[in-house]
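Participant: My structure file protein.cif, mmCIF, C-alpha atoms, is below:
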data_start
#
loop_
_atom_site.label_atom_id
_atom_site.label_comp_id
_atom_site.auth_asym_id
_atom_site.auth_seq_id
_atom_site.Cartn_x
_atom_site.Cartn_y
_atom_site.Cartn_z
CA ALA J 1 11.29 14.39 2.19
CA GLN J 2 10.19 11.06 3.56
CA SER J 3 11.52 7.91 1.92
CA VAL J 4 11.52 4.19 2.57
CA SER J 5 14.23 1.80 1.40
CA GLN J 6 13.90 -1.93 1.05
CA HIS J 7 17.31 -3.24 0.14
CA ASN J 8 16.36 -6.78 -0.85
CA HIS J 9 14.38 -6.78 -4.08
CA HIS J 10 14.29 -10.52 -4.60
CA VAL J 11 14.86 -13.20 -1.97
CA ILE J 12 14.81 -16.94 -2.53
CA LEU J 13 14.75 -19.27 0.46
CA SER J 14 14.15 -22.91 1.14
CA GLU J 15 11.36 -23.95 3.50
CA ALA J 16 12.32 -23.75 7.19
CA ALA J 17 14.99 -21.13 6.51
CA SER J 18 14.91 -17.94 8.57
CA LEU J 19 13.84 -14.68 6.97
CA GLU J 20 14.85 -11.10 7.56
CA LEU J 21 13.77 -8.33 5.21
CA GLY J 22 15.31 -4.93 5.70
CA CYS J 23 13.40 -1.65 5.83
CA ASN J 24 14.92 1.75 6.53
CA TYR J 25 13.09 5.04 6.47
CA SER J 26 14.05 8.66 6.33
CA TYR J 27 11.96 11.10 8.31
CA GLY J 28 12.77 13.55 11.09
CA GLY J 29 9.61 13.16 13.13
CA THR J 30 7.60 10.41 14.78
CA VAL J 31 6.32 7.75 12.46
CA ASN J 32 3.94 4.83 12.26
CA LEU J 33 5.41 1.77 10.56
CA PHE J 34 3.76 -1.03 8.63
CA TRP J 35 4.50 -4.21 6.76
CA TYR J 36 2.05 -5.31 4.10
CA VAL J 37 2.02 -8.52 2.11
CA GLN J 38 0.59 -9.25 -1.31
CA TYR J 39 0.08 -12.93 -2.05
CA PRO J 40 -0.27 -13.87 -5.71
CA GLY J 41 -3.68 -12.78 -6.97
CA GLN J 42 -4.78 -11.36 -3.63
CA HIS J 43 -5.34 -7.97 -2.00
CA LEU J 44 -2.57 -6.12 -0.26
CA GLN J 45 -3.05 -6.98 3.40
CA LEU J 46 -1.53 -5.83 6.67
CA LEU J 47 1.03 -8.12 8.30
CA LEU J 48 1.85 -5.95 11.28
CA LYS J 49 2.10 -2.36 12.44
CA TYR J 50 3.94 -0.26 14.97
CA PHE J 51 2.50 2.91 16.45
CA SER J 52 4.17 3.11 19.86
CA GLY J 53 5.19 1.02 22.86
CA ASP J 54 7.10 -2.26 22.66
CA PRO J 55 9.39 -1.97 19.63
CA LEU J 56 9.09 -5.70 18.94
CA VAL J 57 5.82 -6.21 17.15
CA LYS J 58 4.21 -9.54 16.39
CA GLY J 59 1.92 -9.93 13.43
CA ILE J 60 -0.03 -12.60 11.64
CA LYS J 61 1.36 -15.90 10.39
CA GLY J 62 4.38 -15.90 12.71
CA PHE J 63 5.92 -12.67 11.43
CA GLU J 64 7.49 -10.09 13.69
CA ALA J 65 9.30 -6.80 13.21
CA GLU J 66 11.55 -4.72 15.37
CA PHE J 67 11.57 -0.94 15.38
CA ILE J 68 15.06 0.41 16.06
CA LYS J 69 14.67 4.15 16.31
CA SER J 70 18.40 4.91 16.31
CA LYS J 71 18.80 3.04 13.03
CA PHE J 72 15.55 4.23 11.46
CA SER J 73 14.82 0.59 10.75
CA PHE J 74 11.82 -1.72 10.90
CA ASN J 75 13.04 -5.11 9.73
CA LEU J 76 10.65 -7.99 9.19
CA ARG J 77 11.54 -11.45 10.48
CA LYS J 78 10.21 -14.97 10.52
CA PRO J 79 12.16 -17.83 12.11
CA SER J 80 11.01 -20.52 9.69
CA VAL J 81 9.39 -19.73 6.35
CA GLN J 82 6.86 -21.88 4.54
CA TRP J 83 6.12 -22.29 0.86
CA SER J 84 2.89 -20.32 1.45
CA ASP J 85 4.93 -17.25 2.44
CA THR J 86 5.82 -16.73 -1.22
CA ALA J 87 4.59 -13.18 -1.84
CA GLU J 88 5.66 -9.58 -2.24
CA TYR J 89 6.33 -7.66 0.97
CA PHE J 90 6.08 -3.90 1.35
CA CYS J 91 7.28 -1.68 4.15
CA ALA J 92 5.40 1.59 4.65
CA VAL J 93 5.65 4.67 6.83
CA ASN J 94 3.34 7.51 7.69
CA ALA J 95 4.03 10.51 9.81
CA GLN J 96 2.20 10.64 13.11
CA ASN J 97 -0.06 13.62 13.56
CA SER J 98 0.43 14.68 9.95
CA GLY J 99 -3.28 15.13 9.39
CA THR J 100 -3.12 13.42 6.01
CA TYR J 101 -2.12 9.88 7.02
CA LYS J 102 -0.31 9.41 3.72
CA TYR J 103 1.80 6.32 3.35
CA ILE J 104 5.25 6.23 1.81
CA PHE J 105 5.95 2.72 0.54
CA GLY J 106 9.20 0.96 -0.14
CA THR J 107 9.76 -0.67 -3.52
CA GLY J 108 8.86 -4.10 -2.21
CA THR J 109 10.66 -7.42 -1.80
CA ARG J 110 9.61 -10.48 -3.76
CA LEU J 111 10.07 -13.58 -1.65
CA LYS J 112 10.07 -17.01 -3.18
CA VAL J 113 10.11 -20.01 -0.88
CA LEU J 114 11.15 -23.30 -2.43
CA ALA J 115 9.37 -26.40 -1.21
CA SER Y 1 -17.81 -4.74 8.33
CA GLN Y 2 -16.08 -2.51 5.86
CA THR Y 3 -15.37 -3.51 2.28
CA ILE Y 4 -13.78 -1.77 -0.66
CA HIS Y 5 -14.60 -2.41 -4.30
CA GLN Y 6 -12.76 -1.50 -7.45
CA TRP Y 7 -13.80 -1.94 -11.04
CA PRO Y 8 -13.04 -2.96 -13.55
CA ALA Y 9 -10.57 -5.63 -12.47
CA THR Y 10 -8.70 -5.47 -15.76
CA LEU Y 11 -8.77 -3.01 -18.61
CA VAL Y 12 -7.02 -2.78 -21.97
CA GLN Y 13 -7.21 0.62 -23.63
CA PRO Y 14 -5.60 2.22 -26.68
CA VAL Y 15 -3.32 5.22 -26.37
CA GLY Y 16 -5.30 8.44 -26.45
CA SER Y 17 -8.52 6.95 -25.10
CA PRO Y 18 -10.20 8.17 -21.89
CA LEU Y 19 -10.09 6.35 -18.58
CA SER Y 20 -12.40 6.03 -15.63
CA LEU Y 21 -11.65 3.71 -12.70
CA GLU Y 22 -14.04 3.55 -9.81
CA CYS Y 23 -13.56 2.78 -6.15
CA THR Y 24 -16.30 2.53 -3.54
CA VAL Y 25 -16.16 1.82 0.17
CA GLU Y 26 -18.94 0.29 2.24
CA GLY Y 27 -19.49 0.17 5.96
CA THR Y 28 -17.80 3.37 7.01
CA SER Y 29 -18.38 7.10 6.74
CA ASN Y 30 -16.02 10.01 6.16
CA PRO Y 31 -13.10 7.84 5.09
CA ASN Y 32 -9.85 9.17 3.73
CA LEU Y 33 -9.42 7.74 0.23
CA TYR Y 34 -6.24 7.09 -1.72
CA TRP Y 35 -5.19 6.11 -5.23
CA TYR Y 36 -1.87 4.32 -5.72
CA ARG Y 37 -0.10 2.97 -8.78
CA GLN Y 38 2.01 -0.13 -8.46
CA ALA Y 39 4.68 -0.50 -11.12
CA ALA Y 40 7.09 -3.39 -11.27
CA GLY Y 41 10.22 -2.69 -9.26
CA ARG Y 42 8.93 0.65 -8.08
CA GLY Y 43 6.59 -0.26 -5.27
CA LEU Y 44 3.42 1.68 -4.63
CA GLN Y 45 3.34 5.32 -5.55
CA LEU Y 46 0.67 7.55 -4.02
CA LEU Y 47 -1.14 9.43 -6.79
CA PHE Y 48 -4.04 11.19 -5.05
CA TYR Y 49 -5.68 11.34 -1.68
CA SER Y 50 -8.91 12.83 -0.42
CA VAL Y 51 -10.05 13.74 3.07
CA GLY Y 52 -13.59 14.67 2.03
CA ILE Y 53 -16.08 15.16 -0.80
CA GLY Y 54 -14.60 17.37 -3.50
CA GLN Y 55 -11.24 17.58 -1.71
CA ILE Y 56 -8.45 16.10 -3.81
CA SER Y 57 -4.71 16.37 -3.29
CA SER Y 58 -2.34 15.36 -6.05
CA GLU Y 59 1.00 13.90 -5.14
CA VAL Y 60 2.72 13.71 -8.50
CA PRO Y 61 2.25 15.65 -11.74
CA GLN Y 62 0.83 13.35 -14.35
CA ASN Y 63 -1.74 12.62 -16.96
CA LEU Y 64 -4.37 11.53 -14.44
CA SER Y 65 -6.98 13.24 -12.29
CA ALA Y 66 -9.20 12.16 -9.42
CA SER Y 67 -12.62 13.11 -8.17
CA ARG Y 68 -14.73 12.32 -5.13
CA PRO Y 69 -18.37 12.99 -6.01
CA GLN Y 70 -19.72 11.14 -2.97
CA ASP Y 71 -18.39 10.38 0.50
CA ARG Y 72 -17.48 6.80 -0.30
CA GLN Y 73 -16.72 7.03 -4.00
CA PHE Y 74 -13.35 7.85 -5.53
CA ILE Y 75 -12.77 8.01 -9.27
CA LEU Y 76 -9.51 8.03 -11.20
CA SER Y 77 -9.68 9.52 -14.69
CA SER Y 78 -7.74 10.50 -17.72
CA LYS Y 79 -8.81 12.35 -20.87
CA LYS Y 80 -6.09 10.74 -23.02
CA LEU Y 81 -4.13 7.72 -21.89
CA LEU Y 82 -0.40 7.38 -22.45
CA LEU Y 83 1.60 4.18 -22.70
CA SER Y 84 3.26 5.10 -19.42
CA ASP Y 85 -0.12 4.97 -17.65
CA SER Y 86 -0.06 1.17 -17.77
CA GLY Y 87 0.14 -0.37 -14.34
CA PHE Y 88 -1.76 -1.75 -11.41
CA TYR Y 89 -3.98 0.81 -9.68
CA LEU Y 90 -4.94 0.37 -6.08
CA CYS Y 91 -7.54 2.24 -4.09
CA ALA Y 92 -7.32 2.38 -0.30
CA TRP Y 93 -9.25 3.86 2.56
CA SER Y 94 -8.54 4.78 6.15
CA GLY Y 95 -11.01 5.77 8.82
CA LYS Y 96 -12.08 5.49 12.39
CA ARG Y 97 -11.10 1.83 12.30
CA GLY Y 98 -7.37 2.12 12.82
CA ASN Y 99 -7.74 5.77 13.85
CA TYR Y 100 -7.06 6.84 10.27
CA ASN Y 101 -3.48 5.58 10.49
CA GLU Y 102 -4.07 2.16 8.96
CA GLN Y 103 -5.02 1.82 5.30
CA PHE Y 104 -7.14 -0.93 3.78
CA PHE Y 105 -6.65 -1.79 0.15
CA GLY Y 106 -8.97 -2.82 -2.64
CA PRO Y 107 -8.35 -5.63 -5.14
CA GLY Y 108 -6.86 -3.30 -7.75
CA THR Y 109 -7.31 -2.67 -11.47
CA ARG Y 110 -4.76 -3.89 -13.99
CA LEU Y 111 -4.55 -1.30 -16.79
CA THR Y 112 -2.75 -2.00 -20.03
CA VAL Y 113 -2.40 0.81 -22.52
CA LEU Y 114 -1.53 -0.32 -26.04
#
As structure tokens - that is how I would like this structure written.
Facilitator:
Amino acid sequence: AQSVSQHNHHVILSEAASLELGCNYSYGGTVNLFWYVQYPGQHLQLLLKYFSGDPLVKGIKGFEAEFIKSKFSFNLRKPSVQWSDTAEYFCAVNAQNSGTYKYIFGTGTRLKVLA
Amino acid sequence: SQTIHQWPATLVQPVGSPLSLECTVEGTSNPNLYWYRQAAGRGLQLLFYSVGIGQISSEVPQNLSASRPQDRQFILSSKKLLLSDSGFYLCAWSGKRGNYNEQFFGPGTRLTVL
């Protein structure tokens, strides 16, 4: 069965610190990978996605993620966080060509950035 | 442009009462529709998905059911709520935009069962 693991449940950083949130998935086939963010009181919105091609993906607000197929990982990074990055971050996977396009989500990481 | 609506935004219901949460999508046709529940520390759990009118797939056995009476309407229901049904319910759609692989989420409904 597919699964997604986010190892960091709570992260606290100071502004300007670098961020890396881990995401590992378990699936034997080809996958699409996503990072979503949920700011306090707002909709869940897409940060970035990987379908194919360059494994280093750049998203909105200075975020990037790298797909490492051999490690089944899709870690999210940002070189310098801001107070406004305080939010909950979710990694998600769906199987390519599955016909159902179902997502499997990780449990989320709550990031708090101290001003 | 496409938009997704959910209502109500918040709901407080007693144990044993019925439930009906509604989700509608505008600006697209033939979307796939999804219901998720977000519980603290457990991420988002897929409850139901639908690829067409009247076509519902259930992902987890539970006290809830879903229906899709119209192409862009998805309803989550229960005949008798349990305390464990409390949570944040999210509706999502995917479609031609994003080639069905990318999901777009609604604002959610916060359900508290007392």
Participant: Which neighbours of stretch 81-94 of chain J fall inside 8 Å, counting all atoms listed in the file, when residues of the same chain fewer than 5 positions from it are skipped, and could you give them as a VMD selection string?
Facilitator: (chain J and resid 4 6 13 to 19 23 25 31 to 40 101 to 115) or (chain Y and resid 43 101)
Participant: Given the file shown, determine the residues that the PyMOL selection byres ((chain Y) within 8 of (chain J)) selects; report them as a list of chain:residue names.
Facilitator: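 Answer for the PyMOL selection byres ((chain Y) within 8 of (chain J)): Y:Gly41, Y:Arg42, Y:Gly43, Y:Leu44, Y:Gln45, Y:Leu46, Y:Tyr49, Y:Val51, Y:Tyr100, Y:Asn101, Y:Phe104, Y:Phe105, Y:Gly106, Y:Pro107, Y:Gly108.
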Participant: Taking into account only C-alpha atoms, which residue in the set Y:Ile75, Y:Cys23, Y:Leu33, Y:Leu83 is nearest to Y:Glu102?
Facilitator: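 Of Y:Ile75, Y:Cys23, Y:Leu33, Y:Leu83, the one nearest Y:Glu102, counting only C-alpha atoms, is Y:Leu33.
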Participant: Could you check how far atom CA of J:Gly59 sits from atom CA of J:Phe72, in Å to one decimal?
Facilitator: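 So the answer is 19.8 Å.
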Participant: Just so the selection is clear, what residues does the PyMOL selection byres ((chain J and resi 22) around 9) cover here, as number ranges by chain?
Facilitator: J: 5-8, 20-21, 23-24, 73-77, 91
